[in-house]
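So this block is final26.txt, compact mmCIF, C-alpha atoms:
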```
# COMPACT_ATOMS: atom_id res chain seq x y z
CA MET B 1 -193.05 -84.75 -183.64
CA LYS B 2 -194.64 -86.84 -180.91
CA ALA B 3 -197.09 -85.07 -178.62
CA LYS B 4 -196.38 -84.90 -174.89
CA PRO B 5 -198.87 -87.11 -173.01
CA ILE B 6 -199.30 -84.34 -170.43
CA PRO B 7 -199.16 -80.90 -172.09
CA GLN B 8 -197.03 -78.19 -170.53
CA GLY B 9 -199.13 -76.07 -168.19
CA TYR B 10 -201.57 -78.91 -167.49
CA GLU B 11 -199.50 -80.86 -164.96
CA GLY B 12 -202.04 -80.46 -162.13
CA ALA B 13 -205.81 -80.54 -161.91
CA THR B 14 -207.55 -78.33 -164.46
CA PRO B 15 -211.09 -77.24 -163.52
CA TYR B 16 -213.63 -77.48 -166.35
CA LEU B 17 -216.60 -75.23 -165.59
CA VAL B 18 -220.02 -75.32 -167.21
CA CYS B 19 -221.54 -71.82 -167.36
CA LYS B 20 -225.04 -70.51 -167.93
CA ASP B 21 -223.60 -67.79 -170.18
CA ALA B 22 -219.97 -68.57 -171.03
CA LYS B 23 -219.43 -65.32 -172.94
CA ALA B 24 -220.54 -63.23 -169.94
CA THR B 25 -218.56 -65.46 -167.59
CA ILE B 26 -215.39 -64.93 -169.64
CA GLU B 27 -215.86 -61.16 -169.42
CA PHE B 28 -216.55 -61.42 -165.68
CA TYR B 29 -213.38 -63.48 -165.08
CA LYS B 30 -211.34 -60.93 -167.02
CA LYS B 31 -212.72 -58.02 -165.02
CA ALA B 32 -213.05 -59.64 -161.58
CA PHE B 33 -210.14 -62.10 -161.51
CA GLY B 34 -207.70 -60.61 -164.03
CA ALA B 35 -208.09 -63.71 -166.23
CA ILE B 36 -206.58 -63.92 -169.70
CA LEU B 37 -208.54 -65.64 -172.47
CA GLU B 38 -206.22 -68.04 -174.28
CA TYR B 39 -208.77 -69.16 -176.89
CA GLN B 40 -212.38 -70.21 -177.43
CA LEU B 41 -214.22 -72.50 -179.84
CA HIS B 42 -217.77 -71.82 -181.01
CA MET B 43 -220.48 -74.31 -181.83
CA PRO B 44 -222.51 -73.82 -185.05
CA ASP B 45 -225.28 -72.18 -182.99
CA GLY B 46 -222.80 -69.64 -181.54
CA LYS B 47 -222.55 -71.15 -178.08
CA ILE B 48 -219.07 -71.48 -176.60
CA GLY B 49 -218.18 -75.16 -176.84
CA HIS B 50 -214.80 -74.73 -175.17
CA ALA B 51 -212.65 -71.91 -173.83
CA GLU B 52 -209.39 -71.78 -171.92
CA MET B 53 -208.33 -69.00 -169.58
CA GLU B 54 -205.31 -68.34 -167.40
CA ILE B 55 -206.06 -67.25 -163.84
CA GLY B 56 -203.35 -66.85 -161.25
CA GLY B 57 -200.83 -68.86 -163.23
CA GLY B 58 -203.17 -71.82 -163.75
CA THR B 59 -205.51 -72.86 -166.53
CA ILE B 60 -209.27 -73.24 -166.33
CA MET B 61 -211.55 -74.51 -169.07
CA LEU B 62 -215.17 -73.57 -169.52
CA ALA B 63 -218.14 -73.95 -171.83
CA ASP B 64 -221.78 -73.03 -172.15
CA GLU B 65 -224.47 -75.37 -170.87
CA PHE B 66 -225.44 -78.27 -173.11
CA PRO B 67 -228.48 -79.90 -171.47
CA ASP B 68 -228.63 -82.71 -174.06
CA TRP B 69 -225.15 -83.75 -172.91
CA LYS B 70 -226.04 -83.34 -169.21
CA CYS B 71 -223.67 -80.36 -168.93
CA LEU B 72 -225.41 -77.90 -166.61
CA SER B 73 -224.15 -74.96 -164.58
CA PRO B 74 -224.52 -74.62 -160.80
CA ALA B 75 -227.00 -71.78 -161.50
CA THR B 76 -229.26 -74.28 -163.28
CA ILE B 77 -228.92 -77.18 -160.83
CA GLY B 78 -229.16 -75.03 -157.70
CA GLY B 79 -225.64 -74.91 -156.30
CA SER B 80 -222.06 -76.04 -156.55
CA GLY B 81 -220.49 -78.96 -154.71
CA SER B 82 -216.95 -77.67 -155.08
CA SER B 83 -214.73 -74.60 -154.91
CA THR B 84 -211.63 -73.79 -156.92
CA LEU B 85 -208.81 -72.38 -154.76
CA ILE B 86 -206.27 -69.94 -156.18
CA TYR B 87 -203.45 -68.30 -154.25
CA VAL B 88 -202.91 -64.61 -155.03
CA GLU B 89 -200.29 -62.08 -153.90
CA ASP B 90 -202.73 -59.72 -152.13
CA VAL B 91 -206.08 -61.29 -151.31
CA ASP B 92 -207.45 -58.05 -149.81
CA ALA B 93 -206.93 -56.10 -153.05
CA PHE B 94 -208.12 -59.09 -155.10
CA PHE B 95 -211.30 -59.35 -152.99
CA GLN B 96 -212.11 -55.65 -153.44
CA LYS B 97 -211.64 -55.86 -157.22
CA ALA B 98 -213.74 -59.02 -157.57
CA VAL B 99 -216.60 -57.70 -155.42
CA ALA B 100 -216.59 -54.39 -157.33
CA ALA B 101 -216.92 -56.43 -160.54
CA GLY B 102 -219.98 -58.23 -159.18
CA ALA B 103 -218.70 -61.32 -157.37
CA LYS B 104 -221.07 -62.50 -154.64
CA VAL B 105 -219.42 -62.88 -151.22
CA LEU B 106 -219.94 -66.36 -149.78
CA GLN B 107 -217.30 -65.95 -147.05
CA PRO B 108 -215.78 -62.56 -146.26
CA LEU B 109 -212.06 -62.02 -145.83
CA GLU B 110 -210.69 -63.69 -142.72
CA ASP B 111 -207.44 -64.93 -141.23
CA ALA B 112 -207.91 -68.70 -141.15
CA PHE B 113 -206.50 -71.11 -138.57
CA TYR B 114 -204.39 -72.84 -141.23
CA GLY B 115 -202.28 -69.77 -142.02
CA ASP B 116 -204.10 -68.22 -144.97
CA ARG B 117 -205.95 -64.95 -145.31
CA THR B 118 -208.88 -66.12 -147.36
CA CYS B 119 -212.32 -65.43 -148.85
CA LYS B 120 -214.89 -67.34 -150.87
CA LEU B 121 -216.74 -65.76 -153.79
CA GLU B 122 -219.37 -66.89 -156.28
CA ASP B 123 -219.34 -66.06 -159.98
CA PRO B 124 -222.49 -65.31 -162.04
CA SER B 125 -222.76 -68.98 -163.10
CA GLY B 126 -222.83 -70.12 -159.47
CA HIS B 127 -219.27 -71.47 -159.24
CA ALA B 128 -217.58 -71.03 -155.87
CA TRP B 129 -214.02 -69.66 -155.81
CA THR B 130 -211.68 -69.49 -152.82
CA PHE B 131 -208.87 -66.94 -152.99
CA SER B 132 -206.09 -66.96 -150.43
CA THR B 133 -202.75 -65.43 -149.52
CA ARG B 134 -200.47 -67.46 -147.25
CA VAL B 135 -199.60 -65.26 -144.28
CA GLU B 136 -198.17 -67.88 -141.91
CA ASP B 137 -196.61 -71.31 -142.35
CA VAL B 138 -198.43 -73.66 -139.96
CA SER B 139 -197.54 -77.30 -139.26
CA PRO B 140 -200.28 -79.95 -139.57
CA GLU B 141 -200.07 -80.49 -135.80
CA GLU B 142 -200.61 -76.78 -135.10
CA MET B 143 -203.46 -76.67 -137.63
CA GLN B 144 -205.15 -79.53 -135.77
CA ARG B 145 -204.68 -77.78 -132.42
CA ARG B 146 -206.15 -74.55 -133.81
CA LEU B 147 -209.04 -76.39 -135.42
CA ASN B 148 -209.82 -78.11 -132.11
CA GLU B 149 -209.79 -74.72 -130.37
CA ARG B 150 -212.03 -73.20 -133.01
CA CYS B 151 -214.54 -76.05 -132.71
CA LYS B 152 -214.82 -75.46 -128.95
CA GLN B 153 -216.11 -71.92 -129.52
```

Written form, C-alpha cells:
Amino acid sequence: MKAKPIPQGYEGATPYLVCKDAKATIEFYKKAFGAILEYQLHMPDGKIGHAEMEIGGGTIMLADEFPDWKCLSPATIGGSGSSTLIYVEDVDAFFQKAVAAGAKVLQPLEDAFYGDRTCKLEDPSGHAWTFSTRVEDVSPEEMQRRLNERCKQ
C-alpha cells in the first residue's frame, strides 16, 4: 500500500518543540492542557528523541534538547520567538486549570479587539502558548478600526 504524502491529522502546521526536560514537559501538558500522549521514542541514553501529543484536536511533536544537533529549548537560549495558538471551548476554565498546574502567565485573560477571549501562558521549557475562545465574529475592517482605537489609548 502506498503511503499518503501528507498523513491524516497532519494537514496543517505541526509545531515541533525542543524541551529542556521532555518527560516533565509531557506530564505538564497532560495535566495543564489535557494533552494525550500518542507515542514517544527513546534514545539509547534514555532521552526522548521524539514524542507526539494531541492537544485541542491538533498534533504537536517534541523532543529533549540535543546541543550537538543545535536543538535547544527556549529555557536554554533565553526566550521563545513564537507562540502556538490553540482554540478551546472555555478559555476561562482552561486558564484556571493550566495556571493551577504551574503554567506561567505571560498575558492574563482578556477580551481582545479581534473577537477572542484570550490568554498567553509559558510552559516549563519556556514555550509560549496562546489559548483563545472566539466570542465574537469580527470583520477585518472592524478589527482594523478597533486596533486603531486601541493604539490611540

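Residues in contact range of Gly49 in chain B, defined as at most 12 Å between all atoms listed in the file, with sequence neighbours fewer than 5 positions away removed, read B:Tyr16, B:Leu17, B:Val18, B:Cys19, B:Asp21, B:Ala22, B:Lys23, B:Tyr39, B:Gln40, B:Leu41, B:His42, B:Met43, B:Pro44, B:Met61, B:Leu62, B:Ala63, B:Asp64, B:Glu65, B:Phe66, B:Trp69, B:Cys71.
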
Next, the residues of the selection above should be written as a tab-separated table (two decimals), in the frame of the given file with C-alpha atoms.
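The file below, result_15.tsv, is the result:
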```
chain	number	residue	atom	x	y	z
B	16	TYR	CA	-213.63	-77.48	-166.35
B	17	LEU	CA	-216.60	-75.23	-165.59
B	18	VAL	CA	-220.02	-75.32	-167.21
B	19	CYS	CA	-221.54	-71.82	-167.36
B	21	ASP	CA	-223.60	-67.79	-170.18
B	22	ALA	CA	-219.97	-68.57	-171.03
B	23	LYS	CA	-219.43	-65.32	-172.94
B	39	TYR	CA	-208.77	-69.16	-176.89
B	40	GLN	CA	-212.38	-70.21	-177.43
B	41	LEU	CA	-214.22	-72.50	-179.84
B	42	HIS	CA	-217.77	-71.82	-181.01
B	43	MET	CA	-220.48	-74.31	-181.83
B	44	PRO	CA	-222.51	-73.82	-185.05
B	61	MET	CA	-211.55	-74.51	-169.07
B	62	LEU	CA	-215.17	-73.57	-169.52
B	63	ALA	CA	-218.14	-73.95	-171.83
B	64	ASP	CA	-221.78	-73.03	-172.15
B	65	GLU	CA	-224.47	-75.37	-170.87
B	66	PHE	CA	-225.44	-78.27	-173.11
B	69	TRP	CA	-225.15	-83.75	-172.91
B	71	CYS	CA	-223.67	-80.36	-168.93
```

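If you count only C-alpha atoms and ignore residues fewer than 6 places along the chain from Gln107 in chain B, what sits within 10 Å of it is Thr118, Cys119, Lys120, Leu121, Glu122 and Thr130 of chain B.
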
Include C-alpha atoms and write out the residues we just selected as a compact mmCIF listing (two decimals), in the frame of the given file.
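The resulting file, result12.txt, is reproduced below:
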```txt
# COMPACT_ATOMS: atom_id res chain seq x y z
CA THR B 118 -208.88 -66.12 -147.36
CA CYS B 119 -212.32 -65.43 -148.85
CA LYS B 120 -214.89 -67.34 -150.87
CA LEU B 121 -216.74 -65.76 -153.79
CA GLU B 122 -219.37 -66.89 -156.28
CA THR B 130 -211.68 -69.49 -152.82
```

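The gap separating CA of Ala93 in chain B from CA of Lys20 in chain B is 27.5 Å, in Å to one decimal.
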
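The two atoms in question, CA of Tyr29 in chain B and CA of Lys47 in chain B, are spaced 17.7 Å apart.
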
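Excluding Ile36 in chain B itself and same-chain residues fewer than 3 positions from it, the residues having an atom within 10 Å of it are Ile26, Glu27, Tyr29, Lys30, Lys31, Phe33, Tyr39, Glu52, Met53, Glu54, Ile55, Gly56, Gly57 and Thr59 of chain B, counting all atoms listed in the file.
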
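CA of His127 in chain B sits 29.5 Å away from CA of Asn148 in chain B.
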
Practice task
Select, counting only C-alpha atoms, all protein, DNA and RNA residues no farther than 8 Å from (-204.8, -68.9, -146.1) in file coordinates, and express the selection as a PyMOL selection string.
Solution key: chain B and resi 111-112+114-118+132-136

Practice task
Write out as a count of residues only each polymer residue whose atoms come within 12 Å of Leu147 in chain B, counting all atoms listed in the file; drop sequence neighbours fewer than 3 positions from it.
Solution key: 14

Could you pull range 35-81 of chain B out of the block above and save it with N, CA and C atoms, as a compact mmCIF listing (two decimals), in the first residue's frame?
```
# COMPACT_ATOMS: atom_id res chain seq x y z
N ALA B 35 -3.50 17.27 27.38
CA ALA B 35 -2.89 16.61 26.22
C ALA B 35 -2.91 15.09 26.38
N ILE B 36 -2.90 14.42 25.24
CA ILE B 36 -2.86 12.96 25.19
C ILE B 36 -1.57 12.54 24.49
N LEU B 37 -0.76 11.74 25.16
CA LEU B 37 0.46 11.24 24.56
C LEU B 37 0.11 10.14 23.57
N GLU B 38 0.48 10.34 22.32
CA GLU B 38 0.24 9.33 21.28
C GLU B 38 1.35 8.28 21.31
N TYR B 39 2.60 8.73 21.31
CA TYR B 39 3.73 7.81 21.46
C TYR B 39 5.01 8.61 21.67
N GLN B 40 6.06 7.90 22.12
CA GLN B 40 7.37 8.52 22.28
C GLN B 40 8.45 7.51 21.93
N LEU B 41 9.58 8.03 21.46
CA LEU B 41 10.74 7.21 21.10
C LEU B 41 11.92 7.65 21.97
N HIS B 42 12.65 6.68 22.49
CA HIS B 42 13.77 6.98 23.38
C HIS B 42 15.10 6.74 22.69
N MET B 43 16.04 7.60 22.97
CA MET B 43 17.41 7.45 22.50
C MET B 43 18.10 6.42 23.40
N PRO B 44 19.25 5.88 22.98
CA PRO B 44 19.95 4.90 23.82
C PRO B 44 20.29 5.43 25.22
N ASP B 45 20.49 6.75 25.34
CA ASP B 45 20.82 7.31 26.66
C ASP B 45 19.57 7.61 27.50
N GLY B 46 18.38 7.29 26.98
CA GLY B 46 17.14 7.48 27.72
C GLY B 46 16.41 8.78 27.42
N LYS B 47 17.10 9.71 26.73
CA LYS B 47 16.42 10.96 26.39
C LYS B 47 15.30 10.69 25.39
N ILE B 48 14.30 11.56 25.41
CA ILE B 48 13.20 11.43 24.45
C ILE B 48 13.65 12.05 23.14
N GLY B 49 13.77 11.21 22.13
CA GLY B 49 14.19 11.66 20.80
C GLY B 49 13.04 12.19 19.98
N HIS B 50 11.82 11.74 20.30
CA HIS B 50 10.63 12.19 19.58
C HIS B 50 9.41 11.74 20.36
N ALA B 51 8.43 12.65 20.45
CA ALA B 51 7.14 12.31 21.05
C ALA B 51 6.07 13.08 20.30
N GLU B 52 4.87 12.49 20.25
CA GLU B 52 3.74 13.16 19.63
C GLU B 52 2.59 13.17 20.61
N MET B 53 1.94 14.34 20.70
CA MET B 53 0.82 14.53 21.61
C MET B 53 -0.32 15.22 20.88
N GLU B 54 -1.53 14.94 21.33
CA GLU B 54 -2.71 15.60 20.79
C GLU B 54 -3.16 16.63 21.82
N ILE B 55 -3.29 17.87 21.37
CA ILE B 55 -3.78 18.96 22.22
C ILE B 55 -4.84 19.70 21.43
N GLY B 56 -6.03 19.77 21.97
CA GLY B 56 -7.09 20.55 21.34
C GLY B 56 -7.42 20.12 19.93
N GLY B 57 -7.28 18.85 19.62
CA GLY B 57 -7.60 18.36 18.29
C GLY B 57 -6.45 18.43 17.30
N GLY B 58 -5.32 19.00 17.71
CA GLY B 58 -4.16 19.10 16.83
C GLY B 58 -3.00 18.31 17.40
N THR B 59 -2.00 18.10 16.57
CA THR B 59 -0.82 17.34 16.97
C THR B 59 0.36 18.27 17.21
N ILE B 60 1.10 18.02 18.28
CA ILE B 60 2.40 18.66 18.47
C ILE B 60 3.43 17.55 18.59
N MET B 61 4.66 17.88 18.23
CA MET B 61 5.78 16.97 18.38
C MET B 61 6.77 17.63 19.32
N LEU B 62 7.51 16.81 20.06
CA LEU B 62 8.51 17.38 20.95
C LEU B 62 9.63 16.40 21.19
N ALA B 63 10.74 16.93 21.69
CA ALA B 63 11.92 16.12 21.99
C ALA B 63 12.74 16.83 23.04
N ASP B 64 13.66 16.08 23.65
CA ASP B 64 14.63 16.68 24.56
C ASP B 64 15.61 17.52 23.76
N GLU B 65 16.40 18.31 24.49
CA GLU B 65 17.47 19.08 23.86
C GLU B 65 18.57 18.13 23.37
N PHE B 66 19.17 18.50 22.26
CA PHE B 66 20.33 17.80 21.72
C PHE B 66 21.30 18.87 21.24
N PRO B 67 22.13 19.40 22.18
CA PRO B 67 23.02 20.51 21.83
C PRO B 67 23.94 20.22 20.64
N ASP B 68 24.40 18.98 20.50
CA ASP B 68 25.28 18.65 19.37
C ASP B 68 24.58 18.83 18.03
N TRP B 69 23.26 18.78 18.03
CA TRP B 69 22.47 18.95 16.81
C TRP B 69 21.88 20.35 16.72
N LYS B 70 22.29 21.23 17.65
CA LYS B 70 21.78 22.61 17.71
C LYS B 70 20.28 22.66 18.00
N CYS B 71 19.79 21.68 18.74
CA CYS B 71 18.38 21.63 19.17
C CYS B 71 18.33 22.03 20.64
N LEU B 72 17.95 23.29 20.89
CA LEU B 72 17.93 23.83 22.24
C LEU B 72 16.56 24.40 22.56
N SER B 73 16.20 24.33 23.82
CA SER B 73 14.89 24.83 24.25
C SER B 73 14.96 26.34 24.49
N PRO B 74 13.78 27.00 24.51
CA PRO B 74 13.76 28.42 24.85
C PRO B 74 14.36 28.70 26.23
N ALA B 75 14.21 27.75 27.17
CA ALA B 75 14.77 27.93 28.51
C ALA B 75 16.30 28.04 28.45
N THR B 76 16.92 27.34 27.51
CA THR B 76 18.37 27.36 27.37
C THR B 76 18.84 28.60 26.61
N ILE B 77 18.11 28.99 25.57
CA ILE B 77 18.56 30.12 24.74
C ILE B 77 18.03 31.47 25.22
N GLY B 78 17.18 31.46 26.26
CA GLY B 78 16.74 32.72 26.84
C GLY B 78 15.47 33.32 26.26
N GLY B 79 14.58 32.51 25.75
CA GLY B 79 13.30 33.03 25.28
C GLY B 79 12.81 32.34 24.03
N SER B 80 11.56 32.62 23.70
CA SER B 80 10.92 32.00 22.54
C SER B 80 10.48 33.08 21.58
N GLY B 81 10.70 32.87 20.30
CA GLY B 81 10.31 33.84 19.29
C GLY B 81 8.95 33.55 18.69
```
